[in-house]
$ cat query03.cif   # mmCIF, C-alpha atoms
data_structure
#
loop_
_atom_site.label_atom_id
_atom_site.label_comp_id
_atom_site.auth_asym_id
_atom_site.auth_seq_id
_atom_site.Cartn_x
_atom_site.Cartn_y
_atom_site.Cartn_z
CA MET A 1 88.62 193.43 92.50
CA ARG A 2 86.28 192.85 95.43
CA ILE A 3 85.27 189.51 93.97
CA LEU A 4 88.91 188.57 93.61
CA PHE A 5 89.51 189.27 97.28
CA PHE A 6 86.37 187.45 98.30
CA LEU A 7 87.43 184.37 96.37
CA ALA A 8 90.99 184.73 97.54
CA ALA A 9 89.86 184.91 101.15
CA LEU A 10 88.38 181.44 100.78
CA PHE A 11 91.86 180.12 100.13
CA ALA A 12 93.72 182.39 102.47
CA ALA A 13 94.41 179.75 105.08
CA ALA A 14 98.00 179.19 106.04
CA PRO A 15 100.01 178.44 102.92
CA ALA A 16 100.35 174.74 102.61
CA PHE A 17 103.85 173.93 101.55
CA ALA A 18 106.94 174.10 103.64
CA HIS A 19 110.58 174.43 102.80
CA HIS A 20 111.17 171.30 100.83
CA SER A 21 109.92 169.06 98.10
CA PHE A 22 107.18 166.80 99.41
CA ALA A 23 106.96 164.92 96.15
CA ALA A 24 110.58 163.83 95.98
CA GLU A 25 110.38 162.03 99.29
CA TYR A 26 106.73 161.06 99.61
CA ASP A 27 104.19 159.48 97.27
CA GLY A 28 100.87 161.34 97.11
CA ASP A 29 99.31 158.19 95.63
CA LYS A 30 100.11 156.15 98.73
CA PRO A 31 97.93 157.42 101.58
CA ILE A 32 98.05 155.48 104.81
CA THR A 33 96.15 155.66 108.09
CA LEU A 34 97.85 154.23 111.16
CA LYS A 35 96.85 154.01 114.81
CA GLY A 36 99.51 153.77 117.47
CA VAL A 37 101.13 155.07 120.60
CA VAL A 38 103.38 158.13 120.50
CA THR A 39 106.94 157.24 121.56
CA LYS A 40 108.84 160.41 120.67
CA VAL A 41 108.22 163.96 119.43
CA GLU A 42 111.02 165.95 117.80
CA TRP A 43 109.88 169.59 117.90
CA GLU A 44 112.65 170.80 115.60
CA ASN A 45 113.13 173.10 112.64
CA PRO A 46 112.89 172.91 109.76
CA HIS A 47 110.25 170.18 110.29
CA MET A 48 108.70 168.38 113.21
CA HIS A 49 108.92 164.59 113.40
CA PHE A 50 107.12 162.17 115.66
CA TYR A 51 107.16 158.42 116.17
CA LEU A 52 104.45 155.83 116.77
CA ASP A 53 104.52 152.23 117.88
CA VAL A 54 101.90 150.54 115.70
CA THR A 55 100.60 147.11 116.66
CA ASP A 56 99.36 144.93 113.81
CA ASP A 57 96.65 142.22 113.84
CA LYS A 58 99.14 139.60 115.03
CA GLY A 59 100.36 141.69 117.93
CA LYS A 60 103.63 142.62 116.27
CA ILE A 61 104.82 146.16 117.03
CA GLU A 62 106.38 148.28 114.30
CA ALA A 63 107.90 151.72 114.78
CA TRP A 64 106.82 154.44 112.34
CA LYS A 65 108.27 157.88 111.80
CA PHE A 66 106.18 160.84 110.61
CA GLU A 67 107.14 164.24 109.30
CA GLY A 68 105.04 167.36 109.87
CA PHE A 69 104.90 171.13 109.56
CA PRO A 70 107.65 173.33 110.99
CA PRO A 71 107.00 174.11 114.68
CA ASN A 72 106.36 177.77 113.79
CA MET A 73 103.46 176.74 111.56
CA LEU A 74 102.14 174.26 114.12
CA VAL A 75 102.07 176.96 116.81
CA ARG A 76 100.09 179.25 114.54
CA GLN A 77 97.53 176.49 114.08
CA GLY A 78 97.03 176.10 117.79
CA TRP A 79 99.62 173.49 118.67
CA LYS A 80 101.53 173.72 121.95
CA ARG A 81 104.89 172.06 122.40
CA GLU A 82 104.81 169.16 124.86
CA ALA A 83 101.05 169.63 125.33
CA THR A 84 99.27 168.91 122.06
CA LEU A 85 101.03 165.64 121.23
CA LYS A 86 102.50 163.74 124.15
CA ILE A 87 104.43 160.55 124.59
CA GLY A 88 101.97 157.79 125.46
CA ASP A 89 99.05 159.32 123.55
CA THR A 90 97.14 156.89 121.36
CA VAL A 91 96.48 158.63 118.05
CA THR A 92 95.43 157.87 114.50
CA VAL A 93 97.50 159.51 111.79
CA PHE A 94 96.58 160.11 108.17
CA ALA A 95 99.71 160.39 106.05
CA TRP A 96 101.41 159.59 102.74
CA ARG A 97 104.16 156.99 102.59
CA ALA A 98 107.78 157.65 101.72
CA ARG A 99 108.93 156.58 98.29
CA ASN A 100 111.77 154.56 99.82
CA GLY A 101 109.30 152.07 101.30
CA LEU A 102 110.55 152.47 104.86
CA ASN A 103 108.24 153.06 107.83
CA LEU A 104 108.27 156.78 107.12
CA ALA A 105 105.34 158.97 106.11
CA HIS A 106 104.35 162.62 105.81
CA SER A 107 101.51 163.31 108.21
CA ARG A 108 98.49 165.42 107.33
CA GLU A 109 96.07 165.00 110.22
CA ILE A 110 96.14 163.50 113.69
CA THR A 111 93.02 162.19 115.42
CA PHE A 112 93.21 161.87 119.19
CA ALA A 113 91.50 159.24 121.33
CA ASP A 114 88.66 161.68 122.15
CA GLY A 115 87.99 162.22 118.47
CA LYS A 116 89.60 165.66 118.32
CA LYS A 117 91.48 166.27 115.08
CA ILE A 118 94.36 168.60 114.27
CA LEU A 119 96.30 169.28 111.08
CA SER A 120 99.95 168.32 111.28
CA GLY A 121 101.25 168.74 107.75
CA PRO A 122 100.56 169.96 104.22
CA PRO A 123 98.36 168.23 101.67
CA ALA A 124 100.07 165.95 99.18
CA GLY A 125 101.25 167.52 95.98
CA THR A 126 102.52 170.75 97.44
CA GLY A 127 106.07 171.92 97.46
CA GLY A 128 107.28 169.86 94.56
CA ILE A 129 106.49 167.87 91.47
CA ASN A 130 104.33 164.76 91.58
CA MET B 131 64.43 191.08 120.75
CA ARG B 132 65.24 194.74 120.65
CA HIS B 133 68.59 193.97 122.28
CA LEU B 134 69.29 191.34 119.67
CA ALA B 135 68.52 193.77 116.84
CA ALA B 136 70.80 196.37 118.41
CA LEU B 137 73.53 193.77 118.74
CA ILE B 138 73.24 192.79 115.10
CA LEU B 139 73.28 196.45 114.08
CA CYS B 140 76.43 197.07 116.12
CA ALA B 141 78.13 194.01 114.64
CA SER B 142 77.21 195.12 111.12
CA LEU B 143 78.53 198.62 111.74
CA ALA B 144 81.76 197.21 113.19
CA ALA B 145 82.22 195.04 110.13
CA ALA B 146 81.54 197.93 107.78
CA GLN B 147 83.88 200.30 109.59
CA LYS B 148 87.23 198.72 108.99
CA PRO B 149 90.12 200.88 110.15
CA PRO B 150 91.55 203.06 107.39
CA VAL B 151 94.99 202.41 105.92
CA PRO B 152 97.46 203.97 108.39
CA LYS B 153 99.63 206.81 107.12
CA THR B 154 103.16 207.83 108.05
CA ALA B 155 104.01 211.38 109.15
CA ASP B 156 104.96 212.25 105.57
CA GLY B 157 101.64 211.02 104.23
CA ARG B 158 102.70 207.66 102.77
CA PRO B 159 100.65 204.53 103.41
CA ASP B 160 102.34 202.78 106.33
CA PHE B 161 103.22 199.16 105.58
CA SER B 162 104.67 198.53 109.06
CA GLY B 163 103.51 195.33 110.70
CA VAL B 164 103.71 191.56 110.51
CA TRP B 165 102.29 190.10 107.32
CA GLN B 166 101.74 186.68 105.80
CA GLY B 167 102.27 186.39 102.06
CA GLY B 168 100.98 183.73 99.74
CA GLY B 169 97.35 184.87 99.51
CA ALA B 170 95.21 183.74 96.57
CA GLY B 171 97.08 180.50 96.25
CA GLY B 172 100.44 182.10 96.66
CA LEU B 173 103.33 182.27 94.31
CA SER B 174 103.54 178.58 93.62
CA PHE B 175 100.20 179.08 91.92
CA ALA B 176 101.24 182.35 90.39
CA ILE B 177 104.35 180.97 88.77
CA GLY B 178 102.39 179.90 85.73
CA ALA B 179 100.01 177.34 84.34
CA GLU B 180 102.79 175.28 82.84
CA ASN B 181 104.52 174.78 86.16
CA ALA B 182 101.26 174.39 88.03
CA LYS B 183 100.40 171.57 85.65
CA ALA B 184 103.78 170.03 86.18
CA ALA B 185 103.24 170.24 89.91
CA ARG B 186 99.94 168.37 89.69
CA PRO B 187 99.29 165.78 86.99
CA ASP B 188 95.62 166.73 86.80
CA GLY B 189 96.57 170.30 85.97
CA ALA B 190 95.05 171.62 89.16
CA PRO B 191 96.78 174.62 90.67
CA ALA B 192 99.47 173.52 93.05
CA GLN B 193 98.03 175.45 96.00
CA GLY B 194 94.37 174.64 95.81
CA GLY B 195 93.21 177.81 94.11
CA THR B 196 90.39 177.56 91.62
CA GLY B 197 91.40 179.81 88.82
CA VAL B 198 91.09 182.98 90.88
CA ALA B 199 93.65 184.55 88.62
CA ARG B 200 95.00 182.31 85.91
CA ALA B 201 98.73 182.70 85.66
CA GLU B 202 100.64 183.30 82.50
CA PRO B 203 103.08 180.44 81.83
CA ALA B 204 106.75 181.13 82.33
CA PRO B 205 108.11 182.32 78.95
CA TYR B 206 111.24 180.18 78.89
CA GLN B 207 113.39 180.11 75.75
CA ASP B 208 113.55 176.78 73.95
CA TRP B 209 117.10 175.98 75.02
CA VAL B 210 116.00 175.97 78.68
CA GLN B 211 113.28 173.32 78.21
CA PRO B 212 115.50 170.21 78.42
CA ARG B 213 116.94 171.49 81.69
CA LEU B 214 113.43 172.13 83.06
CA LYS B 215 112.35 168.62 82.08
CA GLU B 216 115.36 167.15 83.80
CA LEU B 217 114.61 169.06 87.00
CA ARG B 218 110.92 168.10 86.92
CA ASP B 219 111.74 164.45 86.28
CA ARG B 220 113.88 164.59 89.40
CA ARG B 221 110.80 165.91 91.24
CA ALA B 222 112.52 169.15 92.18
CA ILE B 223 115.03 167.32 94.36
CA ASP B 224 117.49 170.04 93.29
CA ASP B 225 115.37 172.85 94.75
CA PRO B 226 117.80 175.20 96.55
CA ASP B 227 115.28 175.49 99.39
CA ASN B 228 115.98 171.87 100.25
CA ARG B 229 119.45 172.99 101.24
CA CYS B 230 118.07 175.93 103.23
CA LEU B 231 119.62 178.43 100.83
CA LEU B 232 118.04 181.87 100.88
CA ALA B 233 114.87 181.91 98.83
CA GLY B 234 115.10 184.73 96.31
CA ILE B 235 112.66 187.31 95.04
CA PRO B 236 109.72 186.93 94.63
CA ARG B 237 109.63 183.43 96.11
CA ILE B 238 110.41 184.43 99.67
CA THR B 239 107.31 186.65 99.76
CA GLY B 240 105.00 183.67 99.35
CA MET B 241 106.69 181.35 101.82
CA PRO B 242 104.42 180.01 104.58
CA LEU B 243 106.18 181.94 107.32
CA PRO B 244 105.46 185.61 108.02
CA LEU B 245 107.54 188.70 107.41
CA LYS B 246 107.79 192.01 109.26
CA ILE B 247 107.89 195.38 107.54
CA VAL B 248 109.40 198.40 109.24
CA GLN B 249 108.98 201.65 107.37
CA THR B 250 110.94 204.84 107.90
CA LYS B 251 111.07 208.05 105.90
CA ASP B 252 113.94 206.87 103.70
CA GLU B 253 113.82 203.07 103.95
CA VAL B 254 111.45 200.15 103.99
CA ILE B 255 112.90 197.16 105.84
CA PHE B 256 111.63 193.64 105.25
CA MET B 257 112.49 190.98 107.81
CA TYR B 258 111.55 187.45 106.82
CA GLU B 259 111.08 184.59 109.25
CA THR B 260 112.03 182.34 106.32
CA PHE B 261 115.73 181.64 106.68
CA HIS B 262 116.17 184.90 108.65
CA ALA B 263 116.47 186.94 105.49
CA PHE B 264 116.24 190.72 105.45
CA ARG B 265 116.12 193.48 102.86
CA VAL B 266 116.86 197.13 103.54
CA ILE B 267 115.19 198.98 100.69
CA PRO B 268 116.13 202.65 100.28
CA THR B 269 113.34 204.94 99.08
CA ASP B 270 115.35 208.18 99.07
CA GLY B 271 115.91 208.26 95.35
CA ARG B 272 119.26 206.52 95.17
CA GLY B 273 119.94 203.91 92.51
CA HIS B 274 121.62 200.51 92.67
CA PRO B 275 125.26 200.52 93.80
CA ASP B 276 127.82 200.06 91.02
CA ASP B 277 129.78 197.34 92.85
CA LEU B 278 127.12 194.64 93.24
CA ASP B 279 128.18 191.08 93.90
CA PRO B 280 125.67 188.55 92.57
CA SER B 281 123.48 187.50 95.50
CA PHE B 282 120.48 185.37 96.42
CA LEU B 283 118.19 188.29 97.25
CA GLY B 284 119.72 190.72 94.80
CA ASP B 285 119.83 194.45 95.45
CA SER B 286 116.60 196.34 96.03
CA VAL B 287 115.85 200.03 95.60
CA GLY B 288 112.38 201.46 96.02
CA HIS B 289 110.36 204.47 95.08
CA TRP B 290 106.77 205.59 95.54
CA GLU B 291 104.29 205.84 92.70
CA GLY B 292 101.33 207.41 94.46
CA ASP B 293 100.40 204.95 97.20
CA THR B 294 102.29 202.07 95.59
CA LEU B 295 105.74 201.02 96.77
CA VAL B 296 107.69 199.97 93.67
CA VAL B 297 110.84 197.94 94.30
CA ASP B 298 113.42 197.31 91.59
CA VAL B 299 115.60 194.26 92.23
CA THR B 300 118.71 193.30 90.30
CA GLY B 301 122.15 191.85 90.99
CA PHE B 302 120.94 188.28 91.47
CA ASN B 303 123.01 185.13 91.27
CA ASP B 304 121.54 182.17 89.38
CA LYS B 305 121.19 179.92 92.43
CA THR B 306 117.57 180.47 93.45
CA TRP B 307 114.27 179.29 92.01
CA LEU B 308 111.44 181.74 91.44
CA GLY B 309 108.90 179.40 93.01
CA ASN B 310 108.20 175.72 93.42
CA GLY B 311 108.51 173.46 90.44
CA ALA B 312 111.82 174.02 88.66
CA THR B 313 111.56 177.74 88.04
CA ILE B 314 115.18 178.53 87.37
CA HIS B 315 116.57 181.86 86.21
CA SER B 316 119.87 183.41 85.19
CA ASP B 317 121.99 186.13 86.74
CA ALA B 318 120.33 188.55 84.30
CA LEU B 319 117.09 188.38 86.30
CA HIS B 320 115.43 191.72 86.91
CA VAL B 321 112.37 191.84 89.17
CA VAL B 322 109.94 194.70 89.73
CA GLU B 323 107.63 194.33 92.72
CA ARG B 324 104.63 196.54 93.37
CA TYR B 325 103.19 196.66 96.89
CA GLN B 326 99.91 198.45 97.53
CA ARG B 327 98.11 198.50 100.88
CA VAL B 328 94.60 198.43 99.49
CA ASP B 329 92.92 198.17 102.89
CA TYR B 330 93.86 197.83 106.53
CA ASN B 331 94.41 194.08 106.30
CA THR B 332 95.74 193.66 102.78
CA ILE B 333 98.78 194.45 100.67
CA THR B 334 98.47 193.44 97.03
CA TYR B 335 101.66 192.06 95.49
CA ASN B 336 102.24 192.33 91.76
CA VAL B 337 105.45 191.19 90.16
CA THR B 338 107.03 191.38 86.72
CA LEU B 339 110.21 189.55 85.81
CA GLU B 340 112.67 189.96 82.98
CA ASP B 341 115.45 187.53 82.21
CA PRO B 342 116.86 188.15 78.73
CA LYS B 343 119.09 185.06 78.99
CA MET B 344 116.21 182.64 79.74
CA PHE B 345 112.87 184.30 78.95
CA THR B 346 111.42 185.27 75.58
CA LYS B 347 109.59 188.26 77.06
CA ARG B 348 108.69 190.05 80.26
CA TRP B 349 106.71 187.78 82.58
CA THR B 350 103.86 189.05 84.74
CA LEU B 351 102.90 186.83 87.66
CA ALA B 352 99.31 186.35 88.72
CA PRO B 353 98.52 188.77 91.56
CA SER B 354 98.86 187.59 95.11
CA PHE B 355 98.56 189.39 98.42
CA LEU B 356 99.82 189.67 101.95
CA THR B 357 97.50 189.60 104.95
CA LEU B 358 98.07 191.53 108.18
CA ARG B 359 98.77 189.33 111.21
CA PRO B 360 97.94 191.50 114.24
CA GLY B 361 99.74 190.41 117.38
CA GLU B 362 101.96 187.93 115.52
CA ARG B 363 105.65 187.84 116.28
CA LEU B 364 108.50 186.52 114.19
CA ARG B 365 110.01 183.32 115.52
CA GLU B 366 113.33 181.62 114.88
CA TYR B 367 113.39 179.41 111.82
CA GLU B 368 116.80 177.80 111.74
CA CYS B 369 116.60 175.55 108.73
CA ILE B 370 119.84 173.60 108.70
CA ALA B 371 120.15 172.16 112.21
CA ASP B 372 117.72 169.25 111.81
CA ASN B 373 117.32 169.25 108.03
CA GLN B 374 117.03 165.55 107.19
CA ASP B 375 116.21 166.02 103.52
CA LEU B 376 119.71 165.96 102.12
CA GLN B 377 120.47 162.64 103.77
CA ARG B 378 117.19 161.18 102.46
CA PHE B 379 117.87 162.54 98.97
CA GLU B 380 121.25 160.81 98.97
CA GLU B 381 119.49 157.57 99.80
CA LEU B 382 116.89 158.14 97.07
CA LEU B 383 119.59 158.87 94.51
CA LYS B 384 121.03 155.40 95.09
CA THR B 385 117.85 154.01 93.54
CA PRO B 386 116.58 156.78 91.23
CA THR B 387 113.76 154.59 89.93
CA VAL B 388 112.06 155.10 93.27
CA PHE B 389 111.41 158.78 92.70
CA VAL B 390 112.19 159.77 89.10
CA ARG B 391 109.00 160.68 87.28
CA PRO B 392 107.82 158.19 84.66
CA PRO B 393 107.67 159.60 81.10
CA GLN B 394 104.77 162.07 80.87
#
$ encode --input "query03.cif" --output "structure tokens"
Amino acid sequence: MRILFFLAALFAAAPAFAHHSFAAEYDGDKPITLKGVVTKVEWENPHMHFYLDVTDDKGKIEAWKFEGFPPNMLVRQGWKREATLKIGDTVTVFAWRARNGLNLAHSREITFADGKKILSGPPAGTGGIN
Amino acid sequence: MRHLAALILCASLAAAQKPPVPKTADGRPDFSGVWQGGGAGGLSFAIGAENAKAARPDGAPAQGGTGVARAEPAPYQDWVQPRLKELRDRRAIDDPDNRCLLAGIPRITGMPLPLKIVQTKDEVIFMYETFHAFRVIPTDGRGHPDDLDPSFLGDSVGHWEGDTLVVDVTGFNDKTWLGNGATIHSDALHVVERYQRVDYNTITYNVTLEDPKMFTKRWTLAPSFLTLRPGERLREYECIADNQDLQRFEELLKTPTVFVRPPQ
């Protein structure tokens, strides 16, 4: 029993999935990393969303939308509303693209300009069927 | 150096001397507090190897566990299989949670938001951050009411077997899933939960399920556990207000080839 708990403790981080099916909306086989400037943060239940303006090699700006954990889960991982992710911040986001091909992705991790990283969403493959 | 040794000794003693399991005035283990379920991979792992495999093509457990406690597959009757395949092929787009409907038992226990337990002499009250659900579980020896309406959380009555809180749940509707990954059930579902506070920080959670309309036999889930969250408070989790999933699902359904699983 003690071994069970020891092993279990290794995986006892915050449960990964949230309220809905990741796999229906997002493709775990399509990871994407994008760098851009934060234009909007929607700190809303059941899931947070934020937006980046991403500039490509030719100088063209495209707007991207990202989904993330519920605010309650973000707070418990150390996020603070209106402090952790702010409009104007330049960040790099690792995410998985939406199946519909639009500029929408489910974020996993955000890297800030100073190199600091923070988790923003669950790993691919949770909360649904791939 | 001597100070360092003393410090290490103190730290070791502190680690060894975990607080004992608190007791109520009548001598029961006291479950009161804020807890987070889903330990040991949680219930999405515990729902069974078959569903875990469906959730991940490589057969890896859906929650990142490593075979801590291999789950028994869900014992569905043959007639249910085509329906399960249909739901899996639609990548669980039909999951009632997507519509913010109350997650049933045992699923709500493993959700990634905490729950609060308040224990009195005759009742144990569970308050879930998930969808603001609550259960008032009598432990005074009464049975289920005889006028139950089918419901998402069913009707719970509890009793004590030694230090274990045993909760019998019946009176379900057929509108919830037991976990992630197309785990449907009928209104004949009968759940027995066993909660045991094995140490200060841990409640083990063992569940058996019977569903004579859909299962071939009683189904025992892999064990999971709840972890104490000292100082945590329940927050509001209003699920419908900004739920964008349904709108996106409608869009996806216009071109099902985008998300329907290819033949496995």
$ resolve_selection --input "query03.cif" --expression "the PyMOL selection byres ((chain A and resi 105-116) around 7)" --output "number ranges by chain"
A: 26, 65-68, 90-98, 103-104, 117-123
$ resolve_selection --input "query03.cif" --expression "the PyMOL selection byres ((chain A and resi 52) around 8)" --output "list of chain:residue names"
A:Gly36, A:Val37, A:Val38, A:Thr39, A:Lys40, A:Phe50, A:Tyr51, A:Asp53, A:Val54, A:Ala63, A:Trp64, A:Lys65
$ resolve_selection --input "query03.cif" --expression "the PyMOL selection byres ((chain B and resi 307) around 8)" --output "MDAnalysis selection string"
chainID B and resid 225:226 233:234 237 305:306 308:310 312:315
$ closest_residue --input "query03.cif" --among "B:Trp209, B:Arg220, B:Gly169, B:Thr269" --to "Thr387 of chain B" --atoms "only C-alpha atoms"
B:Arg220
$ atom_distance --input "query03.cif" --atom1 "atom CA of Val321 of chain B" --atom2 "atom CA of His274 of chain B"
13.2 Å
$ closest_residue --input "query03.cif" --among "B:Asp298, B:Glu323, B:Asp156, B:Asp372" --to "chain A" --atoms "all atoms listed in the file"
B:Asp372
$ closest_residue --input "query03.cif" --among "A:Pro71, A:Pro46, A:Gly101, A:Gly59" --to "chain B" --atoms "all atoms listed in the file"
A:Pro46
